[in-house]
Structure formats: structure tokens, C-alpha cells
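Enquirer: Input structure: work_24.cif, which contains mmCIF, C-alpha atoms.
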data_data
loop_
_atom_site.label_atom_id
_atom_site.label_comp_id
_atom_site.auth_asym_id
_atom_site.auth_seq_id
_atom_site.Cartn_x
_atom_site.Cartn_y
_atom_site.Cartn_z
CA MET X 114 147.72 -75.09 24.39
CA ASN X 115 144.42 -76.76 23.38
CA GLU X 116 144.37 -80.52 22.99
CA SER X 117 142.02 -83.09 21.44
CA ILE X 118 139.97 -84.90 24.09
CA HIS X 119 137.37 -87.56 23.27
CA GLY X 120 133.88 -86.12 23.80
CA ILE X 121 134.97 -82.44 23.79
CA ASP X 122 134.38 -80.22 20.76
CA LEU X 123 137.03 -77.51 20.42
CA GLY X 124 135.94 -76.57 16.90
CA ARG X 125 134.69 -73.11 17.93
CA SER X 126 137.60 -72.44 20.26
CA SER X 127 140.64 -70.69 18.79
CA GLY X 128 141.78 -69.11 22.08
CA GLU X 129 144.13 -70.56 24.66
CA VAL X 130 142.44 -72.99 27.10
CA ALA X 131 144.44 -75.29 29.38
CA ILE X 132 142.44 -78.42 30.31
CA ASP X 133 143.13 -80.95 33.06
CA HIS X 134 140.85 -83.99 32.89
CA LEU X 135 142.01 -86.86 35.13
CA GLU X 136 139.80 -89.88 34.32
CA SER X 137 136.74 -87.74 33.57
CA ARG X 138 134.07 -88.72 31.02
CA PHE X 139 132.69 -86.36 28.37
CA SER X 140 129.70 -86.45 26.02
CA ASN X 141 128.67 -83.50 23.82
CA VAL X 142 130.91 -80.99 25.61
CA GLN X 143 131.89 -77.74 23.83
CA ILE X 144 134.64 -75.30 24.82
CA ILE X 145 134.34 -71.87 23.17
CA SER X 146 137.06 -69.20 23.34
CA ALA X 147 138.06 -66.53 20.84
CA GLU X 148 141.65 -66.28 19.58
CA SER X 149 142.28 -63.09 21.58
CA HIS X 150 141.26 -64.75 24.87
CA LEU X 151 144.27 -66.17 26.73
CA ARG X 152 145.18 -67.92 30.00
CA ASN X 153 141.79 -69.57 30.57
CA THR X 154 141.98 -72.86 32.47
CA ILE X 155 139.65 -75.75 33.21
CA ASP X 156 140.22 -78.42 35.86
CA PHE X 157 137.67 -81.16 35.19
CA GLY X 158 137.46 -83.13 38.45
CA TYR X 159 138.68 -86.69 38.98
CA ARG X 160 136.18 -89.22 37.62
CA SER X 161 133.52 -86.59 37.02
CA ILE X 162 130.94 -86.89 34.22
CA PHE X 163 130.07 -84.06 31.82
CA ASN X 164 127.12 -84.34 29.42
CA ASN X 165 125.61 -81.65 27.18
CA LEU X 166 127.86 -78.94 28.60
CA ILE X 167 129.09 -75.68 27.04
CA VAL X 168 131.91 -73.66 28.62
CA HIS X 169 132.18 -70.24 26.96
CA PHE X 170 135.08 -67.89 27.68
CA LYS X 171 134.46 -64.27 26.66
CA GLY X 172 137.67 -62.99 28.22
CA SER X 173 141.09 -63.98 29.54
CA GLY X 174 142.52 -65.30 32.79
CA ASN X 175 139.35 -67.16 33.81
CA ARG X 176 139.32 -70.41 35.76
CA LEU X 177 136.79 -73.25 36.07
CA VAL X 178 137.50 -75.78 38.84
CA VAL X 179 135.36 -78.90 39.29
CA GLY X 180 135.78 -81.33 42.19
CA ARG X 181 135.77 -85.13 42.25
CA HIS X 182 132.82 -87.29 41.21
CA CYS X 183 130.61 -84.47 39.92
CA ARG X 184 127.94 -84.90 37.22
CA LEU X 185 127.32 -81.68 35.33
CA ALA X 186 125.19 -80.45 32.41
CA GLY X 187 124.41 -76.90 31.31
CA ARG X 188 126.16 -73.76 30.10
CA PHE X 189 128.92 -71.89 31.98
CA VAL X 190 129.78 -68.41 30.69
CA PHE X 191 132.75 -66.26 31.73
CA ASP X 192 131.90 -62.75 30.51
CA GLY X 193 135.05 -60.76 31.24
CA ASP X 194 138.51 -61.33 32.68
CA ASP X 195 139.96 -63.02 35.78
CA GLN X 196 136.82 -64.70 37.12
CA GLU X 197 136.60 -68.03 38.89
CA ILE X 198 133.84 -70.62 39.15
CA ILE X 199 134.45 -73.39 41.69
CA ILE X 200 132.17 -76.45 41.95
CA GLU X 201 133.12 -78.80 44.77
CA SER X 202 132.98 -82.61 44.84
CA ASN X 203 129.93 -84.88 44.44
CA THR X 204 127.71 -82.10 43.07
CA SER X 205 125.19 -82.74 40.27
CA PHE X 206 123.61 -80.37 37.71
CA GLU X 207 120.77 -81.56 35.46
CA GLY X 208 120.74 -78.29 33.49
CA VAL X 209 122.32 -75.15 34.94
CA HIS X 210 123.31 -71.81 33.39
CA LEU X 211 126.15 -70.12 35.28
CA LEU X 212 127.25 -66.56 34.45
CA ALA X 213 130.38 -65.00 35.97
CA SER X 214 130.94 -61.40 34.91
CA GLU X 215 132.92 -58.22 35.66
CA GLY X 216 135.44 -59.89 37.94
CA ALA X 217 132.87 -61.43 40.31
CA ASN X 218 133.34 -65.08 41.30
CA MET X 219 131.11 -68.02 42.09
CA LYS X 220 131.52 -70.93 44.50
CA ILE X 221 129.21 -73.92 44.80
CA GLY X 222 129.74 -76.38 47.65
CA ALA X 223 130.02 -80.15 47.85
CA ASP X 224 127.16 -82.64 47.41
CA CYS X 225 124.73 -80.10 45.94
CA MET X 226 121.84 -81.20 43.73
CA PHE X 227 120.57 -78.72 41.13
CA SER X 228 117.63 -79.58 38.87
CA TYR X 229 116.76 -78.37 35.35
CA GLY X 230 116.35 -74.79 34.20
CA ILE X 231 118.52 -73.29 36.95
CA GLU X 232 119.90 -69.76 36.39
CA ILE X 233 122.77 -68.57 38.62
CA ARG X 234 124.26 -65.21 37.63
CA ASN X 235 126.40 -62.69 39.47
CA SER X 236 125.59 -59.93 36.98
CA ASP X 237 122.47 -58.36 35.46
CA SER X 238 124.39 -58.12 32.15
CA HIS X 239 123.09 -54.59 31.58
CA GLY X 240 123.58 -51.31 33.44
CA ILE X 241 121.01 -49.62 35.71
CA TYR X 242 121.67 -45.99 36.70
CA ASP X 243 120.28 -43.58 39.28
CA MET X 244 118.89 -40.57 37.41
CA LYS X 245 119.76 -38.12 40.19
CA THR X 246 123.32 -39.18 40.92
CA ARG X 247 123.94 -40.46 37.37
CA ARG X 248 125.81 -43.39 38.90
CA ARG X 249 125.43 -47.07 38.19
CA ILE X 250 123.65 -49.04 40.94
CA ASN X 251 123.79 -52.70 39.84
CA PHE X 252 127.38 -53.91 40.06
CA SER X 253 128.30 -57.59 39.80
CA GLU X 254 128.72 -59.42 43.12
CA ASN X 255 130.12 -62.79 44.21
CA ILE X 256 127.78 -65.74 44.77
CA GLU X 257 128.46 -68.51 47.31
CA ILE X 258 126.26 -71.57 47.69
CA GLY X 259 126.99 -73.88 50.61
CA ASN X 260 127.29 -77.66 50.87
CA HIS X 261 124.42 -80.10 50.36
CA VAL X 262 122.06 -77.50 48.86
CA TRP X 263 119.10 -78.61 46.72
CA LEU X 264 117.78 -76.20 44.07
CA GLY X 265 114.46 -77.22 42.54
CA MET X 266 113.52 -76.86 38.89
CA GLY X 267 113.62 -73.34 37.48
CA VAL X 268 115.27 -71.60 40.46
CA SER X 269 117.07 -68.29 39.82
CA VAL X 270 119.94 -67.08 42.01
CA LEU X 271 120.90 -63.42 41.60
CA PRO X 272 124.05 -61.35 42.34
CA GLY X 273 125.37 -61.17 45.90
CA VAL X 274 123.47 -64.20 47.17
CA THR X 275 124.79 -66.71 49.71
CA ILE X 276 122.90 -69.90 50.59
CA ALA X 277 123.67 -71.76 53.82
CA ASP X 278 124.52 -75.47 54.06
CA GLY X 279 121.71 -77.99 53.86
CA CYS X 280 119.07 -75.69 52.39
CA ILE X 281 116.30 -76.52 49.93
CA VAL X 282 115.02 -73.89 47.49
CA GLY X 283 111.60 -74.66 45.98
CA MET X 284 110.99 -74.83 42.25
CA LYS X 285 110.79 -71.55 40.29
CA SER X 286 111.84 -69.48 43.30
CA VAL X 287 113.94 -66.34 42.81
CA VAL X 288 116.72 -65.86 45.35
CA THR X 289 117.54 -62.16 45.66
CA LYS X 290 119.08 -61.99 49.17
CA PRO X 291 121.25 -64.24 51.37
CA LEU X 292 119.56 -67.36 52.78
CA ARG X 293 121.42 -67.63 56.07
CA GLN X 294 119.50 -70.27 58.07
CA ARG X 295 121.07 -73.72 57.66
CA ASN X 296 118.88 -76.75 56.99
CA SER X 297 115.87 -74.68 55.97
CA VAL X 298 113.36 -74.62 53.14
CA TYR X 299 112.94 -71.42 51.12
CA ALA X 300 110.43 -70.73 48.35
CA GLY X 301 108.69 -67.94 46.47
CA ILE X 302 109.46 -64.71 44.62
CA PRO X 303 111.51 -63.49 46.34
CA ALA X 304 112.46 -66.65 48.22
CA LYS X 305 111.46 -66.65 51.90
CA LYS X 306 111.91 -69.21 54.67
CA ILE X 307 108.91 -71.53 55.03
CA ARG X 308 110.39 -74.28 57.24
CA GLU X 309 113.53 -74.93 59.27
CA ASN X 310 115.38 -77.86 60.90
CA VAL X 311 115.10 -80.22 57.91
CA VAL X 312 117.57 -82.53 56.20
CA TRP X 313 117.19 -83.84 52.65
CA SER X 314 118.48 -86.94 50.89
CA ARG X 315 118.89 -87.90 47.24
CA TYR X 316 117.12 -91.18 48.05
CA LYS X 317 113.60 -91.86 49.31
CA GLY X 318 113.35 -94.09 52.37
CA GLU X 319 111.92 -94.48 55.85
CA ASP X 320 115.25 -94.33 57.69
CA PHE X 321 116.44 -90.96 58.96
CA PRO X 322 119.64 -89.92 57.07
CA GLN X 323 121.92 -89.49 60.09
CA ASP X 324 124.97 -89.86 57.87
CA ILE X 325 123.99 -86.65 56.06
CA VAL X 326 123.53 -84.80 59.35
CA ASP X 327 126.99 -85.94 60.45
CA ARG X 328 128.48 -84.81 57.15
CA LEU X 329 126.87 -81.39 57.42
CA GLU X 330 128.29 -81.01 60.91
CA SER X 331 131.75 -81.87 59.58
CA TYR X 332 131.40 -79.09 56.97
CA GLU X 333 130.60 -76.64 59.77
CA ASN X 334 133.74 -77.63 61.66
#
Transcribe the structure of this file into C-alpha cells.
Expert:
Amino acid sequence: MNESIHGIDLGRSSGEVAIDHLESRFSNVQIISAESHLRNTIDFGYRSIFNNLIVHFKGSGNRLVVGRHCRLAGRFVFDGDDQEIIIESNTSFEGVHLLASEGANMKIGADCMFSYGIEIRNSDSHGIYDMKTRRRINFSENIEIGNHVWLGMGVSVLPGVTIADGCIVGMKSVVTKPLRQRNSVYAGIPAKKIRENVVWSRYKGEDFPQDIVDRLESYEN
């Protein structure tokens, strides 16, 4: 059953959405679900912050799970049934559009930092067909982004992509294939590796961030 939560607008949501929101903070958050869409659930993470966020369910049985201490803004769309988007703890989005479609899922790791204008979609939203075989060739595929990944402004991540822990993807890059080398910088259209053996920090300073290296090693174990 839907409930009234300060900072969340349920005015356009007549469908069934179960919301768990332990000590989270909301500002200008909209949940949209049609009356025929049932069994959708949202777990807003412990003490996470949500600003200027739309969650739109266009189906039933979908699940959004957010970890602890996240800070998220953008638009998350579930286009179909029984999809899952998982965003792990301490991750921040400045403005991210997520699209989960046709039963394909999405997982984003811990301590990621995504800038503005990010597009992450596991579907092309339209069919492409081979004229000889008459068969469709662009099915939806899962996306998995590792821990401590930095996506620069305007990055696009397309169906079937995986991104390894510790990576940086340069602004306006288009990721079309898996980025498998940990702690590397990728950029371009399509994104290609331009540097490896790097570590990034949210803060500028002269001291080497050994604590981040140790954390990344703990993720690997």
C-alpha cells in the first residue's frame, strides 16, 4: 500500500508501491506507477539523500534497492516486469537516467561517483531486425558497474556493459563493451583504455589515497 512520506509526491501514482525509507531524506521526489502495476518495491537506503528524483514504474514486480548513505538525483525507469536496479552504499548521482527494460537488471557498486547527464540503459527501447533472418538482434542485457567507479559528465553506458572496480570514464564517452581492466581510465566513442594503474579520490590533495587502495582490495577479496 502507498503511504504519505514528506518530500515524496505520489500524486501521479495510483499503482501499488511498497516503500521502505529508514531515516532517509527526500526533496522533490516523485513516484509514478499506473493502477494496473502491482508488487513494485523501493528500499531507500539508511540515511540516504534523494533530491530531484523520479522513479517511474511501467510494469509490475520491479524492485529498486539503494544502499546506505547514498546521494541520488535523476530519473529511474522500469519499463516492463520483474526487473531490479541495485545501487550500493555511499554512491552519488548528480543527474543520472537509468532504464531497466525487458527483464534485464542493473547493478551499481559502492562508492561510485556519477556526474550530470549520465545515461545508463540496458535496452535500446526499439527493435532492430536482420533482414535476411527476419530475427531481432538487439535484446536487452544486464549492466553491472563495479565499486568506486567515476563516470564523467555526459557518459552513456549501453546494454551488456560491465565496468571493473576503480575505473574512470571520461566525459561524453560512450561505453559499448565491457571495461575489464581495474583502476584504468577509459574515454572516447566508443570508450577505449587510455591509462591504467590509477586511483581516484573525491577530494583533491597531495597525499596518496592509500585508504582507497585498501578498500578496493577488500572489494576484490
Enquirer: If you apply the PyMOL selection byres ((chain X and resi 282-290) around 8) to this file, what residues do you get, as a VMD selection string?
Expert: chain X and resid 263 to 275 280 to 281 291 to 292 298 to 304
Enquirer: Evaluated on this file, the PyMOL selection byres ((chain X and resi 215) around 7) picks out some residues - which ones are they, written as a list of chain:residue names?
Expert: X:Asp192, X:Gly193, X:Ser214, X:Gly216, X:Ala217, X:Ser253
Enquirer: Given the selection you just returned, output its residues as a file containing C-alpha atoms, formatted as a JSON list (two decimals), in the frame of the given file.
Expert:
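And here is the file that came out, out-v6.json:
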[["chain", "number", "residue", "atom", "x", "y", "z"],
["X", 192, "ASP", "CA", 131.90, -62.75, 30.51],
["X", 193, "GLY", "CA", 135.05, -60.76, 31.24],
["X", 214, "SER", "CA", 130.94, -61.40, 34.91],
["X", 216, "GLY", "CA", 135.44, -59.89, 37.94],
["X", 217, "ALA", "CA", 132.87, -61.43, 40.31],
["X", 253, "SER", "CA", 128.30, -57.59, 39.80]]
Enquirer: Can you tell me how far atom CA of Phe139 of chain X sits from atom CA of Gly180 of chain X, in Å to one decimal?
Expert: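 Going from atom CA of Phe139 of chain X over to atom CA of Gly180 of chain X, I get 15.0 Å.
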Enquirer: Extract, using all atoms listed in the file, all DNA, RNA and protein residues at most 12 Å from Glu333 of chain X, discarding same-chain residues fewer than 6 positions from it, and format them as a PyMOL selection string.
Expert: chain X and resi 259-261+277-279+295+326-327
Enquirer: When you count all atoms listed in the file, which of these residues is closest to Val130 of chain X: X:Ile241, X:Ile162, X:Val190, X:Leu177?
Expert: X:Leu177
Enquirer: Given all atoms listed in the file as the basis, pick out the residue of X:Leu329, X:Ile307, X:Leu135, X:Ala223 nearest to Tyr159 of chain X.
Expert: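 Going through X:Leu329, X:Ile307, X:Leu135, X:Ala223 one by one, the smallest distance to Tyr159 of chain X is for X:Leu135.
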Enquirer: For His134 of chain X, find every residue with an atom within 10 Å (counting only C-alpha atoms), except residues of its own chain fewer than 4 positions away, and show them as a ChimeraX atom specification.
Expert: /X:118,138-139,155-161,179
Enquirer: For the file shown, what are the residues hit by the PyMOL selection byres ((chain X and resi 153) around 10), laid out as a PyMOL selection string?
Expert: chain X and resi 128-132+146+150-152+154-155+170-177+191+194-197
Enquirer: Select segment 169-246 of chain X in the preceding structure and write C-alpha atoms to a file as a tab-separated table (two decimals), in the first residue's frame.
Expert:
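Printed below is part-v1.tsv as written:
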chain	number	residue	atom	x	y	z
X	169	HIS	CA	8.71	5.54	-12.85
X	170	PHE	CA	7.26	2.03	-12.86
X	171	LYS	CA	5.82	0.94	-16.23
X	172	GLY	CA	5.19	-2.63	-15.12
X	173	SER	CA	4.81	-4.93	-12.11
X	174	GLY	CA	7.11	-6.85	-9.80
X	175	ASN	CA	10.01	-4.39	-10.11
X	176	ARG	CA	12.45	-3.62	-7.32
X	177	LEU	CA	14.70	-0.63	-6.57
X	178	VAL	CA	17.27	-1.16	-3.79
X	179	VAL	CA	19.50	1.67	-2.56
X	180	GLY	CA	22.30	1.18	-0.02
X	181	ARG	CA	23.30	3.28	2.97
X	182	HIS	CA	24.46	6.90	2.78
X	183	CYS	CA	23.80	7.40	-0.94
X	184	ARG	CA	23.01	10.78	-2.54
X	185	LEU	CA	20.95	10.39	-5.69
X	186	ALA	CA	19.30	12.63	-8.31
X	187	GLY	CA	17.89	11.73	-11.72
X	188	ARG	CA	15.22	9.54	-13.29
X	189	PHE	CA	14.92	5.75	-12.87
X	190	VAL	CA	12.55	3.97	-15.27
X	191	PHE	CA	11.38	0.35	-15.05
X	192	ASP	CA	9.91	-0.42	-18.48
X	193	GLY	CA	8.44	-3.90	-18.08
X	194	ASP	CA	8.04	-6.52	-15.36
X	195	ASP	CA	10.29	-8.17	-12.77
X	196	GLN	CA	13.40	-6.01	-13.16
X	197	GLU	CA	15.82	-4.97	-10.44
X	198	ILE	CA	18.07	-1.95	-10.02
X	199	ILE	CA	20.56	-2.17	-7.15
X	200	ILE	CA	22.68	0.82	-6.08
X	201	GLU	CA	25.13	0.01	-3.30
X	202	SER	CA	26.22	2.19	-0.36
X	203	ASN	CA	27.99	5.58	-0.46
X	204	THR	CA	27.27	6.15	-4.16
X	205	SER	CA	26.37	9.61	-5.52
X	206	PHE	CA	24.46	10.66	-8.65
X	207	GLU	CA	24.32	14.33	-9.71
X	208	GLY	CA	21.88	13.59	-12.55
X	209	VAL	CA	21.50	10.06	-13.90
X	210	HIS	CA	18.88	8.42	-16.13
X	211	LEU	CA	18.60	4.67	-15.53
X	212	LEU	CA	16.47	2.45	-17.78
X	213	ALA	CA	15.76	-1.20	-16.93
X	214	SER	CA	13.70	-2.99	-19.58
X	215	GLU	CA	12.52	-6.41	-20.81
X	216	GLY	CA	13.57	-8.30	-17.68
X	217	ALA	CA	17.20	-7.13	-17.71
X	218	ASN	CA	18.71	-5.92	-14.43
X	219	MET	CA	21.22	-3.32	-13.35
X	220	LYS	CA	23.74	-3.26	-10.50
X	221	ILE	CA	25.90	-0.31	-9.49
X	222	GLY	CA	28.60	-0.82	-6.88
X	223	ALA	CA	29.58	1.01	-3.70
X	224	ASP	CA	31.27	4.42	-3.52
X	225	CYS	CA	30.63	5.31	-7.16
X	226	MET	CA	30.54	8.94	-8.31
X	227	PHE	CA	28.40	9.76	-11.35
X	228	SER	CA	28.22	13.30	-12.73
X	229	TYR	CA	25.44	15.10	-14.65
X	230	GLY	CA	23.79	13.97	-17.86
X	231	ILE	CA	24.60	10.28	-17.40
X	232	GLU	CA	22.56	7.75	-19.43
X	233	ILE	CA	22.66	4.08	-18.36
X	234	ARG	CA	20.26	1.81	-20.24
X	235	ASN	CA	20.07	-1.94	-20.72
X	236	SER	CA	17.73	-1.62	-23.69
X	237	ASP	CA	17.64	0.28	-27.00
X	238	SER	CA	13.88	0.75	-26.45
X	239	HIS	CA	13.18	-0.10	-30.09
X	240	GLY	CA	13.64	-3.26	-32.15
X	241	ILE	CA	16.39	-3.85	-34.74
X	242	TYR	CA	15.96	-6.84	-37.09
X	243	ASP	CA	18.19	-8.73	-39.51
X	244	MET	CA	16.59	-8.53	-42.95
X	245	LYS	CA	17.84	-11.96	-44.01
X	246	THR	CA	16.93	-13.99	-40.95
